[in-house]
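*Asks:* Please find input-v7.txt (compact mmCIF, C-alpha atoms) on the next line:
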# COMPACT_ATOMS: atom_id res chain seq x y z
CA MET A 18 54.86 159.83 -174.74
CA SER A 19 54.69 156.58 -172.80
CA ASP A 20 51.04 156.91 -171.82
CA MET A 21 49.69 157.46 -175.32
CA ASP A 22 47.97 154.09 -175.43
CA GLU A 23 45.56 154.82 -172.60
CA MET A 24 43.89 157.90 -173.96
CA GLU A 25 40.45 156.33 -174.14
CA ASP A 26 38.16 158.11 -171.78
CA GLY A 27 35.22 157.12 -173.93
CA SER A 28 32.80 159.52 -172.29
CA GLY A 29 32.79 161.97 -175.18
CA ILE A 30 32.83 164.82 -172.67
CA VAL A 31 34.85 167.86 -173.72
CA LYS A 32 35.77 170.19 -170.91
CA LYS A 33 37.64 173.47 -170.86
CA PHE A 34 41.05 172.87 -169.28
CA MET A 35 43.32 175.78 -168.47
CA PHE A 36 46.94 175.15 -167.65
CA LEU A 37 48.26 178.14 -165.78
CA ASN A 38 52.04 178.38 -165.86
CA ARG A 39 53.39 180.73 -163.21
CA LYS A 40 56.90 179.36 -162.65
CA ALA A 41 60.16 179.97 -164.49
CA PRO A 42 61.86 176.97 -166.14
CA HIS A 43 64.76 175.01 -164.61
CA GLY A 44 64.71 176.43 -161.06
CA THR A 45 61.93 173.95 -160.33
CA VAL A 46 60.53 171.01 -162.31
CA TYR A 47 56.99 172.37 -162.62
CA ALA A 48 57.34 173.84 -166.12
CA LEU A 49 58.66 170.59 -167.59
CA GLU A 50 56.27 168.20 -165.84
CA GLY A 51 53.40 170.62 -166.44
CA LEU A 52 54.07 170.45 -170.17
CA GLU A 53 53.75 166.66 -170.01
CA VAL A 54 50.23 166.98 -168.58
CA VAL A 55 49.24 169.46 -171.28
CA LEU A 56 50.27 167.08 -174.05
CA ILE A 57 48.32 164.20 -172.51
CA THR A 58 45.24 166.36 -172.02
CA ALA A 59 45.26 167.38 -175.67
CA ALA A 60 45.42 163.69 -176.60
CA PHE A 61 42.08 163.28 -174.79
CA ASP A 62 40.58 165.83 -177.24
CA GLN A 63 39.84 168.37 -174.53
CA ASP A 64 39.54 172.14 -175.02
CA VAL A 65 43.00 173.18 -173.81
CA SER A 66 44.22 176.71 -173.06
CA MET A 67 47.78 177.35 -171.94
CA VAL A 68 48.34 180.50 -169.99
CA PHE A 69 51.62 182.09 -168.96
CA THR A 70 51.62 184.64 -166.16
CA ASP A 71 54.07 185.87 -163.54
CA ASP A 72 57.46 184.12 -163.96
CA GLY A 73 55.77 181.58 -166.23
CA VAL A 74 56.32 183.95 -169.16
CA TYR A 75 60.05 183.16 -168.86
CA GLN A 76 59.31 179.62 -170.08
CA LEU A 77 58.76 181.01 -173.57
CA MET A 78 62.05 182.91 -173.94
CA LYS A 79 63.85 182.60 -177.27
CA GLY A 80 67.45 181.49 -177.13
CA ILE A 81 67.22 179.14 -174.15
CA ASP A 82 70.39 177.02 -173.99
CA SER A 83 70.47 174.62 -171.05
CA LYS A 84 73.59 172.67 -172.09
CA GLY A 85 75.71 174.43 -169.49
CA ILE A 86 73.48 173.31 -166.62
CA GLU A 87 73.24 169.79 -168.10
CA VAL A 88 69.44 169.79 -167.96
CA LYS A 89 67.10 168.73 -170.77
CA ASP A 90 66.06 171.62 -173.02
CA PHE A 91 62.29 171.37 -173.34
CA SER A 92 61.70 174.85 -174.71
CA LYS A 93 61.43 173.52 -178.28
CA THR A 94 58.37 171.56 -177.14
CA TYR A 95 56.37 174.79 -177.00
CA ARG A 96 56.88 175.07 -180.77
CA ALA A 97 55.49 171.55 -181.22
CA LEU A 98 52.26 172.31 -179.34
CA ASP A 99 50.63 173.26 -182.63
CA GLY A 100 51.05 169.65 -183.78
CA TYR A 101 49.01 168.51 -180.77
CA ASP A 102 46.24 170.97 -181.71
CA ILE A 103 47.11 173.19 -178.77
CA GLU A 104 46.66 176.58 -180.33
CA LYS A 105 45.33 178.66 -177.47
CA LEU A 106 48.42 180.18 -175.92
CA TYR A 107 47.89 183.26 -173.81
CA VAL A 108 50.31 185.52 -171.95
CA ASP A 109 49.51 188.17 -169.40
CA GLN A 110 50.39 191.70 -170.53
CA ALA A 111 51.27 192.95 -167.06
CA SER A 112 53.59 190.00 -166.41
CA MET A 113 55.40 190.73 -169.69
CA ASP A 114 55.67 194.44 -168.85
CA ALA A 115 57.01 193.73 -165.37
CA ARG A 116 59.83 191.68 -166.93
CA GLY A 117 60.70 193.97 -169.82
CA LEU A 118 59.49 191.43 -172.39
CA THR A 119 57.58 191.77 -175.65
CA GLU A 120 56.11 189.17 -178.01
CA ASP A 121 59.32 189.38 -180.07
CA ASP A 122 61.20 187.79 -177.15
CA LEU A 123 59.02 184.67 -177.20
CA ILE A 124 59.62 181.38 -179.01
CA VAL A 125 55.99 180.93 -180.13
CA ASP A 126 53.08 183.07 -181.29
CA VAL A 127 50.85 183.99 -178.39
CA THR A 128 47.80 186.08 -177.67
CA VAL A 129 48.54 188.83 -175.18
CA LEU A 130 45.67 189.50 -172.80
CA ALA A 131 44.95 192.32 -170.37
CA VAL A 132 44.29 191.28 -166.81
CA ASP A 133 40.50 191.50 -167.01
CA GLU A 134 40.42 189.40 -170.19
CA MET A 135 42.64 186.81 -168.51
CA ALA A 136 40.48 186.81 -165.39
CA ASN A 137 37.31 186.23 -167.43
CA LEU A 138 38.97 183.44 -169.40
CA MET A 139 39.95 181.71 -166.15
CA ALA A 140 36.50 182.09 -164.64
CA GLU A 141 34.84 180.29 -167.57
CA GLN A 142 37.02 177.15 -167.35
CA ASP A 143 35.82 173.78 -166.09
CA VAL A 144 39.23 172.76 -164.79
CA VAL A 145 42.20 174.94 -163.91
CA ILE A 146 45.52 173.26 -163.23
CA SER A 147 48.36 175.48 -162.13
CA PHE A 148 52.04 174.62 -162.24
CA MET B 16 29.41 165.28 -156.11
CA GLN B 17 32.82 163.83 -156.91
CA PHE B 18 36.12 165.48 -156.02
CA GLY B 19 39.46 164.68 -157.63
CA ILE B 20 42.55 165.63 -155.67
CA LEU B 21 46.01 166.35 -157.06
CA VAL B 22 49.00 166.25 -154.68
CA ASN B 23 52.18 167.83 -156.04
CA GLU B 24 54.58 167.65 -153.10
CA GLY B 25 56.06 164.91 -150.97
CA PRO B 26 55.38 164.35 -147.29
CA TYR B 27 56.95 166.37 -144.45
CA SER B 28 58.84 169.06 -146.45
CA HIS B 29 55.59 170.77 -147.38
CA GLN B 30 52.15 170.90 -145.79
CA ALA B 31 50.51 170.05 -149.13
CA SER B 32 49.99 166.34 -148.49
CA ASP B 33 48.62 167.00 -144.98
CA SER B 34 46.18 169.60 -146.29
CA ALA B 35 45.10 167.30 -149.11
CA TYR B 36 44.56 164.41 -146.70
CA LEU B 37 42.45 166.48 -144.29
CA PHE B 38 40.44 167.85 -147.22
CA ALA B 39 39.84 164.36 -148.61
CA ARG B 40 38.93 162.84 -145.24
CA THR B 41 36.54 165.67 -144.44
CA ALA B 42 34.90 165.49 -147.86
CA LEU B 43 34.32 161.75 -147.38
CA GLU B 44 32.95 162.32 -143.87
CA LYS B 45 30.53 164.86 -145.28
CA GLY B 46 29.24 162.34 -147.80
CA TYR B 47 31.03 163.56 -150.91
CA LYS B 48 32.86 161.12 -153.14
CA VAL B 49 36.64 161.17 -153.57
CA PRO B 50 37.15 158.41 -156.13
CA ARG B 51 40.81 159.16 -156.79
CA VAL B 52 43.85 161.06 -155.54
CA PHE B 53 46.65 161.62 -158.05
CA PHE B 54 50.26 162.10 -156.92
CA TYR B 55 52.50 164.08 -159.25
CA HIS B 56 55.91 165.81 -159.14
CA ASP B 57 57.53 165.09 -155.72
CA GLY B 58 54.06 164.01 -154.59
CA VAL B 59 55.03 160.51 -155.72
CA TYR B 60 57.14 160.20 -152.54
CA ASN B 61 53.92 159.93 -150.52
CA ALA B 62 53.60 156.41 -151.93
CA SER B 63 56.78 154.99 -150.39
CA ARG B 64 56.21 152.31 -147.76
CA LEU B 65 59.85 152.66 -146.71
CA ALA B 66 59.19 155.84 -144.71
CA THR B 67 59.51 155.32 -140.96
CA PRO B 68 58.65 158.59 -139.20
CA PRO B 69 59.09 158.86 -135.40
CA GLN B 70 56.34 157.23 -133.29
CA ASP B 71 55.00 160.57 -132.06
CA ASP B 72 54.54 161.93 -135.58
CA ARG B 73 51.92 161.13 -138.20
CA ASN B 74 52.75 158.60 -140.91
CA VAL B 75 51.67 160.48 -144.01
CA GLY B 76 51.92 157.58 -146.44
CA ALA B 77 50.21 155.06 -144.14
CA ARG B 78 47.43 157.56 -143.49
CA TRP B 79 46.69 157.74 -147.23
CA SER B 80 46.74 153.93 -147.42
CA LYS B 81 44.20 153.68 -144.60
CA LEU B 82 41.92 156.29 -146.16
CA ALA B 83 41.98 154.26 -149.36
CA ALA B 84 41.20 151.05 -147.47
CA ASP B 85 38.33 152.65 -145.54
CA HIS B 86 36.72 154.51 -148.43
CA GLY B 87 37.90 152.85 -151.62
CA VAL B 88 39.91 155.84 -152.77
CA ASP B 89 42.12 155.07 -155.80
CA LEU B 90 45.65 156.32 -155.00
CA VAL B 91 47.44 156.82 -158.31
CA VAL B 92 51.12 157.68 -158.65
CA CYS B 93 52.30 159.19 -161.95
CA VAL B 94 54.58 156.70 -163.70
CA ALA B 95 56.84 159.28 -165.37
CA ALA B 96 57.32 161.29 -162.17
CA ALA B 97 57.81 158.08 -160.16
CA GLN B 98 60.43 156.65 -162.50
CA ARG B 99 62.42 159.90 -162.31
CA ARG B 100 62.42 159.63 -158.53
CA GLY B 101 62.98 155.93 -157.95
CA ILE B 102 59.47 155.11 -156.82
CA THR B 103 58.73 151.63 -158.21
CA ASP B 104 56.11 148.93 -157.58
CA GLY B 105 58.53 147.37 -155.10
CA VAL B 106 58.33 150.30 -152.66
CA LEU B 107 54.64 151.19 -152.96
CA GLY B 108 52.55 151.37 -149.80
CA ASP B 109 49.20 149.58 -149.56
CA ASN B 110 46.53 150.68 -152.02
CA PHE B 111 48.85 152.88 -154.11
CA ARG B 112 49.28 152.05 -157.78
CA ILE B 113 51.43 153.45 -160.55
CA SER B 114 49.78 154.62 -163.75
CA GLY B 115 49.89 157.28 -166.44
CA LEU B 116 49.07 160.97 -166.52
CA GLY B 117 45.88 160.04 -168.34
CA GLN B 118 44.47 159.15 -164.91
CA LEU B 119 44.89 162.79 -163.87
CA VAL B 120 43.21 164.08 -167.02
CA GLU B 121 40.33 161.64 -166.49
CA MET B 122 39.74 163.13 -163.03
CA GLY B 123 39.33 166.52 -164.67
CA ILE B 124 36.97 165.15 -167.30
CA GLN B 125 34.84 162.86 -165.16
CA TYR B 126 34.64 164.49 -161.73
CA ASP B 127 32.86 167.66 -160.70
CA ARG B 128 35.87 169.36 -159.12
CA LEU B 129 39.65 169.04 -159.20
CA VAL B 130 41.51 170.49 -156.22
CA THR B 131 45.29 170.89 -156.31
CA PHE B 132 47.59 170.88 -153.29
CA GLY B 133 51.23 171.79 -153.78
CA ASP B 134 54.01 174.19 -152.97
CA MET C 30 35.20 180.73 -158.80
CA LEU C 31 37.17 179.76 -155.71
CA HIS C 32 40.81 180.87 -155.48
CA ILE C 33 43.03 179.04 -153.00
CA VAL C 34 46.25 180.65 -151.80
CA ASN C 35 48.78 178.81 -149.61
CA LYS C 36 51.83 181.07 -149.49
CA SER C 37 52.65 183.86 -147.06
CA ALA C 38 52.18 187.23 -148.75
CA THR C 39 55.28 188.54 -146.99
CA ASP C 40 57.33 185.79 -148.68
CA ARG C 41 55.84 185.24 -152.14
CA GLY C 42 53.70 187.07 -154.71
CA SER C 43 50.94 184.49 -155.14
CA LEU C 44 48.32 186.38 -153.11
CA GLU C 45 48.97 189.49 -155.19
CA SER C 46 48.71 187.46 -158.42
CA CYS C 47 45.47 185.92 -157.20
CA LEU C 48 43.86 189.22 -156.19
CA ARG C 49 44.76 190.69 -159.58
CA MET C 50 42.91 187.91 -161.43
CA ALA C 51 39.97 187.30 -159.08
CA THR C 52 36.78 188.66 -160.63
CA LYS C 53 34.16 190.48 -158.59
CA GLY C 54 32.07 188.15 -156.46
CA SER C 55 34.55 185.29 -156.44
CA ALA C 56 35.93 183.74 -153.27
CA VAL C 57 39.50 183.62 -151.95
CA LEU C 58 40.46 181.00 -149.36
CA LEU C 59 43.74 181.42 -147.48
CA ILE C 60 45.29 178.17 -146.23
CA GLU C 61 48.67 177.06 -144.82
CA ASP C 62 51.12 180.02 -144.66
CA ALA C 63 48.74 182.29 -146.58
CA VAL C 64 46.63 182.76 -143.42
CA TYR C 65 49.17 185.26 -142.06
CA ALA C 66 47.87 187.78 -144.62
CA ALA C 67 44.50 187.73 -142.87
CA THR C 68 45.89 188.86 -139.51
CA THR C 69 46.14 192.30 -137.96
CA GLY C 70 49.39 194.19 -138.43
CA ASN C 71 50.58 192.14 -141.42
CA THR C 72 51.61 194.34 -144.35
CA ALA C 73 49.13 192.44 -146.55
CA ALA C 74 46.21 193.31 -144.27
CA ALA C 75 45.35 196.48 -146.20
CA LYS C 76 45.25 194.51 -149.45
CA ILE C 77 42.97 191.91 -147.91
CA GLN C 78 40.63 194.53 -146.51
CA ALA C 79 40.51 196.40 -149.81
CA ALA C 80 39.84 193.15 -151.66
CA ALA C 81 37.05 192.23 -149.26
CA ALA C 82 34.91 194.95 -150.85
CA ASP C 83 34.57 192.90 -154.07
CA LEU C 84 35.56 189.38 -153.00
CA LYS C 85 34.61 186.99 -150.23
CA ILE C 86 37.72 186.29 -148.16
CA TYR C 87 38.05 183.11 -146.10
CA ALA C 88 40.85 181.75 -143.93
CA LEU C 89 41.29 178.17 -142.72
CA GLY C 90 40.87 178.10 -138.93
CA PRO C 91 43.08 175.08 -138.18
CA ASP C 92 45.95 176.74 -140.07
CA LEU C 93 45.43 180.00 -138.13
CA ALA C 94 45.40 178.13 -134.82
CA ALA C 95 48.47 176.10 -135.73
CA ARG C 96 50.35 179.37 -136.22
CA GLY C 97 49.17 181.14 -133.06
CA MET C 98 47.08 183.51 -135.17
CA ALA C 99 43.52 182.51 -134.24
CA GLY C 100 43.06 185.63 -132.10
CA ARG C 101 44.40 188.09 -134.68
CA VAL C 102 42.03 187.62 -137.61
CA LEU C 103 41.06 190.74 -139.55
CA ASP C 104 37.47 191.96 -139.55
CA GLY C 105 35.75 190.93 -142.76
CA VAL C 106 37.61 187.63 -143.03
CA ASN C 107 35.45 184.51 -142.61
CA VAL C 108 37.14 181.72 -140.69
CA VAL C 109 36.19 178.21 -141.85
CA ASP C 110 37.16 174.70 -140.79
CA TYR C 111 37.94 171.84 -143.19
CA GLY C 112 34.22 171.22 -143.57
CA GLY C 113 33.86 174.82 -144.70
CA PHE C 114 36.78 174.36 -147.11
CA VAL C 115 35.01 171.35 -148.66
CA ASP C 116 31.74 173.31 -148.91
CA LEU C 117 33.49 176.21 -150.64
CA VAL C 118 34.90 173.86 -153.28
CA ALA C 119 31.46 172.30 -153.74
CA GLU C 120 29.67 175.64 -153.99
CA HIS C 121 31.90 177.12 -156.68
CA SER C 122 31.92 175.79 -160.22
CA ASN C 123 35.73 175.71 -160.42
CA CYS C 124 38.79 176.42 -158.33
CA GLN C 125 42.39 177.47 -158.82
CA SER C 126 45.28 176.88 -156.43
CA TRP C 127 47.84 179.70 -156.68
CA LEU C 128 50.87 177.52 -155.93
Spell out the structure here as structure tokens.
*Replies:*
Amino acid sequence: MSDMDEMEDGSGIVKKFMFLNRKAPHGTVYALEGLEVVLITAAFDQDVSMVFTDDGVYQLMKGIDSKGIEVKDFSKTYRALDGYDIEKLYVDQASMDARGLTEDDLIVDVTVLAVDEMANLMAEQDVVISF
Amino acid sequence: MQFGILVNEGPYSHQASDSAYLFARTALEKGYKVPRVFFYHDGVYNASRLATPPQDDRNVGARWSKLAADHGVDLVVCVAAAQRRGITDGVLGDNFRISGLGQLVEMGIQYDRLVTFGD
Amino acid sequence: MLHIVNKSATDRGSLESCLRMATKGSAVLLIEDAVYAATTGNTAAAKIQAAAADLKIYALGPDLAARGMAGRVLDGVNVVDYGGFVDLVAEHSNCQSWL
């Protein structure tokens, strides 16, 4: 990433950041540019959770092939999140159910949460950024 | 108390930048601090000084510039999003600057609240 | 927690998504096109009124007025100005915009 050299916040503060992904990939840019923020935040050694709800769960589909629409395929990046110490990936059970998806359809290992668990997780964050 | 503001859409097509501006101005009037506004996604278009809206309409970009001049607000445009969209130093309005996404993350770390305006 | 919704409930699902995740006692502020949900006769009105039992529901007055809706606000919805919007953000420990 181009901004990697300015990661020095220096305050030593660690906050809970939740990135809430609610949009499908490709139709709009939010999934891609949202991912860029997540990677930078992890580089600041913050406590990062990535959450996928509503159409955001479609970002994690296996078998994405964007060659035909001539748009960058960023879905492999989700597999690299581990390398940035981003290990808290959560998906919303109801959003999966409403789209006929199961964990086997997803490109990475996730924790599936019921709505009340997800709601409590969100409520305890310091910063919630939604894309 | 310090507020950080994130603007994710450009001017005119969406109300986001108007809402963000009114929020920021009101917060400052009430005595809160708004040290920085970060422009991301199409929000980077707010920074263009080339916009010339009709006389009887608001000038969204110029309004941000004035708020920054009056209150010392740091108007930061995301470099990656700006480069994708042709927003360069040469077209920046007064008091806007281009920098990295780290500036957004810092708002989350250092300020008390982060409020997002978008589509 | 403060939840901010800006989309019309008769156009998009963000209000529904928000109400599903908002825990008891949290606040929901409707701004921009979301204010239509807080007006009488809208199909979302029943959802708003049901939600008002557990949540505090607010709507931004200038956005209601700009849409000709200032006189049609549902009972139980608190109308605030931008100063009230700022106060809501200050009063709650975090906020989420359901874009």
*Asks:* Counting all atoms listed in the file, what is within 12 Å of Glu44 in chain B, bar same-chain residues fewer than 6 positions away, as a list of chain:residue names?
*Replies:*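 Close residues of Glu44 in chain B: B:Leu37, B:Phe38, B:Leu82, B:Asp85, B:His86, C:Tyr111, C:Gly112, C:Val115.
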*Asks:* With C-alpha atoms retained, export the selected residues as a PDB file, keeping the file's coordinate frame.
*Replies:*
ATOM      1  CA  LEU B  37      42.450 166.480-144.290  1.00  0.00           C
ATOM      2  CA  PHE B  38      40.440 167.850-147.220  1.00  0.00           C
ATOM      3  CA  LEU B  82      41.920 156.290-146.160  1.00  0.00           C
ATOM      4  CA  ASP B  85      38.330 152.650-145.540  1.00  0.00           C
ATOM      5  CA  HIS B  86      36.720 154.510-148.430  1.00  0.00           C
TER       6      HIS B  86
ATOM      7  CA  TYR C 111      37.940 171.840-143.190  1.00  0.00           C
ATOM      8  CA  GLY C 112      34.220 171.220-143.570  1.00  0.00           C
ATOM      9  CA  VAL C 115      35.010 171.350-148.660  1.00  0.00           C
TER      10      VAL C 115
END
*Asks:* Would you mind reading off the distance between CA of Tyr60 in chain B and CA of Ala94 in chain C, one decimal, in Å?
*Replies:* 27.8 Å
*Asks:* Compile the contact shell of Asp57 in chain B as an mmCIF file with C-alpha atoms, in the coordinates of the input: residues with an atom at most 7 Å away, counting only C-alpha atoms, same-chain residues fewer than 5 positions apart removed.
*Replies:*
data_model
loop_
_atom_site.group_PDB
_atom_site.id
_atom_site.type_symbol
_atom_site.label_atom_id
_atom_site.label_comp_id
_atom_site.auth_asym_id
_atom_site.auth_seq_id
_atom_site.Cartn_x
_atom_site.Cartn_y
_atom_site.Cartn_z
ATOM 1 C CA ASN B 23 52.180 167.830 -156.040
ATOM 2 C CA GLU B 24 54.580 167.650 -153.100
ATOM 3 C CA GLY B 25 56.060 164.910 -150.970
#
*Asks:* As an exercise, work out the distance from CA of Leu43 in chain B to CA of Asp109 in chain B in Å and give it to one decimal place.
*Replies:*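 So the answer is 19.3 Å.
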*Asks:* Grab the CA of Leu49 in chain A to CA of Phe91 in chain A distance for me, in Å with one decimal place.
*Replies:*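 Spanning CA of Leu49 in chain A to CA of Phe91 in chain A is a straight-line distance of 6.8 Å.
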*Asks:* I'd like the neighbourhood of range 97-104 of chain B as a tab-separated table (two decimals) with C-alpha atoms, in the frame of the given file, where a residue qualifies if any of its atoms comes within 8 Å (using only C-alpha atoms), though same-chain residues fewer than 5 positions away should be ignored.
*Replies:*
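The file below, part_19.tsv, is the result:
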chain	number	residue	atom	x	y	z
B	57	ASP	CA	57.53	165.09	-155.72
B	59	VAL	CA	55.03	160.51	-155.72
B	60	TYR	CA	57.14	160.20	-152.54
B	62	ALA	CA	53.60	156.41	-151.93
B	63	SER	CA	56.78	154.99	-150.39
B	92	VAL	CA	51.12	157.68	-158.65
B	112	ARG	CA	49.28	152.05	-157.78
B	113	ILE	CA	51.43	153.45	-160.55
*Asks:* Could you work out which residues of chain C fall inside 8 Å of chain A? Count only C-alpha atoms, and format the result as a list in words.
*Replies:* Met30, Ser46, Arg49, Met50, Ala51, Thr52, Ser122, Asn123, Cys124, Gln125, Ser126, Trp127 and Leu128 of chain C
*Asks:* Near chain C, which residues of chain B fall within 12 Å when you count all atoms listed in the file, and what do they look like as JSON, numbers by chain?
*Replies:* {"B": [16, 17, 18, 19, 20, 21, 22, 23, 24, 29, 30, 31, 32, 33, 34, 35, 36, 37, 38, 39, 40, 41, 42, 43, 44, 45, 46, 47, 48, 49, 123, 126, 127, 128, 129, 130, 131, 132, 133, 134]}
*Asks:* Set the cut-off to 7 Å and count all atoms listed in the file: what are the residues of chain B that reach chain A? Output as a list in words.
*Replies:*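 Applying the cut-off to the listed atoms yields Gly115, Leu116, Gly117, Val120, Glu121, Gly123, Ile124 and Leu129 of chain B.
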*Asks:* Show which residues sit within 12 Å of Leu65 in chain B, as JSON, numbers by chain. Count all atoms listed in the file, and ignore same-chain residues fewer than 6 positions away.
*Replies:* {"B": [74, 75, 76, 77, 102, 103, 105, 106, 107, 108, 109]}
*Asks:* Considering all atoms listed in the file, state which residue in the set C:Tyr87, C:Ala99, C:Glu120, C:Thr39 is at the smallest distance from Ala66 in chain C.
*Replies:*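 Of C:Tyr87, C:Ala99, C:Glu120, C:Thr39, the one nearest Ala66 in chain C, counting all atoms listed in the file, is C:Thr39.
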*Asks:* What would range 77-100 of chain B look like with N, CA and C atoms in place, written as a PDB file, keeping the file's coordinate frame?
*Replies:*
ATOM      1  N   ALA B  77      51.113 156.078-144.707  1.00  0.00           N
ATOM      2  CA  ALA B  77      50.210 155.060-144.140  1.00  0.00           C
ATOM      3  C   ALA B  77      48.804 155.618-143.961  1.00  0.00           C
ATOM      4  N   ARG B  78      48.731 156.909-143.669  1.00  0.00           N
ATOM      5  CA  ARG B  78      47.430 157.560-143.490  1.00  0.00           C
ATOM      6  C   ARG B  78      46.637 157.547-144.803  1.00  0.00           C
ATOM      7  N   TRP B  79      47.352 157.830-145.909  1.00  0.00           N
ATOM      8  CA  TRP B  79      46.690 157.740-147.230  1.00  0.00           C
ATOM      9  C   TRP B  79      46.220 156.305-147.488  1.00  0.00           C
ATOM     10  N   SER B  80      47.096 155.337-147.174  1.00  0.00           N
ATOM     11  CA  SER B  80      46.740 153.930-147.420  1.00  0.00           C
ATOM     12  C   SER B  80      45.470 153.553-146.673  1.00  0.00           C
ATOM     13  N   LYS B  81      45.369 154.013-145.421  1.00  0.00           N
ATOM     14  CA  LYS B  81      44.200 153.680-144.600  1.00  0.00           C
ATOM     15  C   LYS B  81      42.943 154.348-145.148  1.00  0.00           C
ATOM     16  N   LEU B  82      43.079 155.597-145.579  1.00  0.00           N
ATOM     17  CA  LEU B  82      41.920 156.290-146.160  1.00  0.00           C
ATOM     18  C   LEU B  82      41.404 155.529-147.371  1.00  0.00           C
ATOM     19  N   ALA B  83      42.362 155.030-148.164  1.00  0.00           N
ATOM     20  CA  ALA B  83      41.980 154.260-149.360  1.00  0.00           C
ATOM     21  C   ALA B  83      41.284 152.968-148.957  1.00  0.00           C
ATOM     22  N   ALA B  84      41.800 152.312-147.924  1.00  0.00           N
ATOM     23  CA  ALA B  84      41.200 151.050-147.470  1.00  0.00           C
ATOM     24  C   ALA B  84      39.792 151.278-146.928  1.00  0.00           C
ATOM     25  N   ASP B  85      39.626 152.376-146.178  1.00  0.00           N
ATOM     26  CA  ASP B  85      38.330 152.650-145.540  1.00  0.00           C
ATOM     27  C   ASP B  85      37.271 153.127-146.525  1.00  0.00           C
ATOM     28  N   HIS B  86      37.703 153.849-147.560  1.00  0.00           N
ATOM     29  CA  HIS B  86      36.720 154.510-148.430  1.00  0.00           C
ATOM     30  C   HIS B  86      36.860 154.147-149.908  1.00  0.00           C
ATOM     31  N   GLY B  87      37.755 153.235-150.219  1.00  0.00           N
ATOM     32  CA  GLY B  87      37.900 152.850-151.620  1.00  0.00           C
ATOM     33  C   GLY B  87      38.473 153.912-152.525  1.00  0.00           C
ATOM     34  N   VAL B  88      39.295 154.795-151.954  1.00  0.00           N
ATOM     35  CA  VAL B  88      39.910 155.840-152.770  1.00  0.00           C
ATOM     36  C   VAL B  88      41.051 155.217-153.603  1.00  0.00           C
ATOM     37  N   ASP B  89      41.092 155.569-154.884  1.00  0.00           N
ATOM     38  CA  ASP B  89      42.120 155.070-155.800  1.00  0.00           C
ATOM     39  C   ASP B  89      43.341 156.000-155.695  1.00  0.00           C
ATOM     40  N   LEU B  90      44.449 155.492-155.163  1.00  0.00           N
ATOM     41  CA  LEU B  90      45.650 156.320-155.000  1.00  0.00           C
ATOM     42  C   LEU B  90      46.583 156.052-156.174  1.00  0.00           C
ATOM     43  N   VAL B  91      46.690 157.032-157.079  1.00  0.00           N
ATOM     44  CA  VAL B  91      47.440 156.820-158.310  1.00  0.00           C
ATOM     45  C   VAL B  91      48.705 157.678-158.325  1.00  0.00           C
ATOM     46  N   VAL B  92      49.815 157.021-158.604  1.00  0.00           N
ATOM     47  CA  VAL B  92      51.120 157.680-158.650  1.00  0.00           C
ATOM     48  C   VAL B  92      51.538 157.793-160.113  1.00  0.00           C
ATOM     49  N   CYS B  93      51.928 158.984-160.541  1.00  0.00           N
ATOM     50  CA  CYS B  93      52.300 159.190-161.950  1.00  0.00           C
ATOM     51  C   CYS B  93      53.558 158.387-162.292  1.00  0.00           C
ATOM     52  N   VAL B  94      53.466 157.586-163.340  1.00  0.00           N
ATOM     53  CA  VAL B  94      54.580 156.700-163.700  1.00  0.00           C
ATOM     54  C   VAL B  94      55.831 157.484-164.103  1.00  0.00           C
ATOM     55  N   ALA B  95      55.662 158.534-164.901  1.00  0.00           N
ATOM     56  CA  ALA B  95      56.840 159.280-165.370  1.00  0.00           C
ATOM     57  C   ALA B  95      57.541 159.970-164.204  1.00  0.00           C
ATOM     58  N   ALA B  96      56.748 160.607-163.335  1.00  0.00           N
ATOM     59  CA  ALA B  96      57.320 161.290-162.170  1.00  0.00           C
ATOM     60  C   ALA B  96      57.941 160.276-161.210  1.00  0.00           C
ATOM     61  N   ALA B  97      57.323 159.112-161.076  1.00  0.00           N
ATOM     62  CA  ALA B  97      57.810 158.080-160.160  1.00  0.00           C
ATOM     63  C   ALA B  97      59.137 157.497-160.664  1.00  0.00           C
ATOM     64  N   GLN B  98      59.198 157.227-161.954  1.00  0.00           N
ATOM     65  CA  GLN B  98      60.430 156.650-162.500  1.00  0.00           C
ATOM     66  C   GLN B  98      61.605 157.609-162.332  1.00  0.00           C
ATOM     67  N   ARG B  99      61.358 158.907-162.521  1.00  0.00           N
ATOM     68  CA  ARG B  99      62.420 159.900-162.310  1.00  0.00           C
ATOM     69  C   ARG B  99      62.964 159.846-160.887  1.00  0.00           C
ATOM     70  N   ARG B 100      62.078 159.484-159.950  1.00  0.00           N
ATOM     71  CA  ARG B 100      62.420 159.630-158.530  1.00  0.00           C
ATOM     72  C   ARG B 100      62.630 158.289-157.807  1.00  0.00           C
TER      73      ARG B 100
END
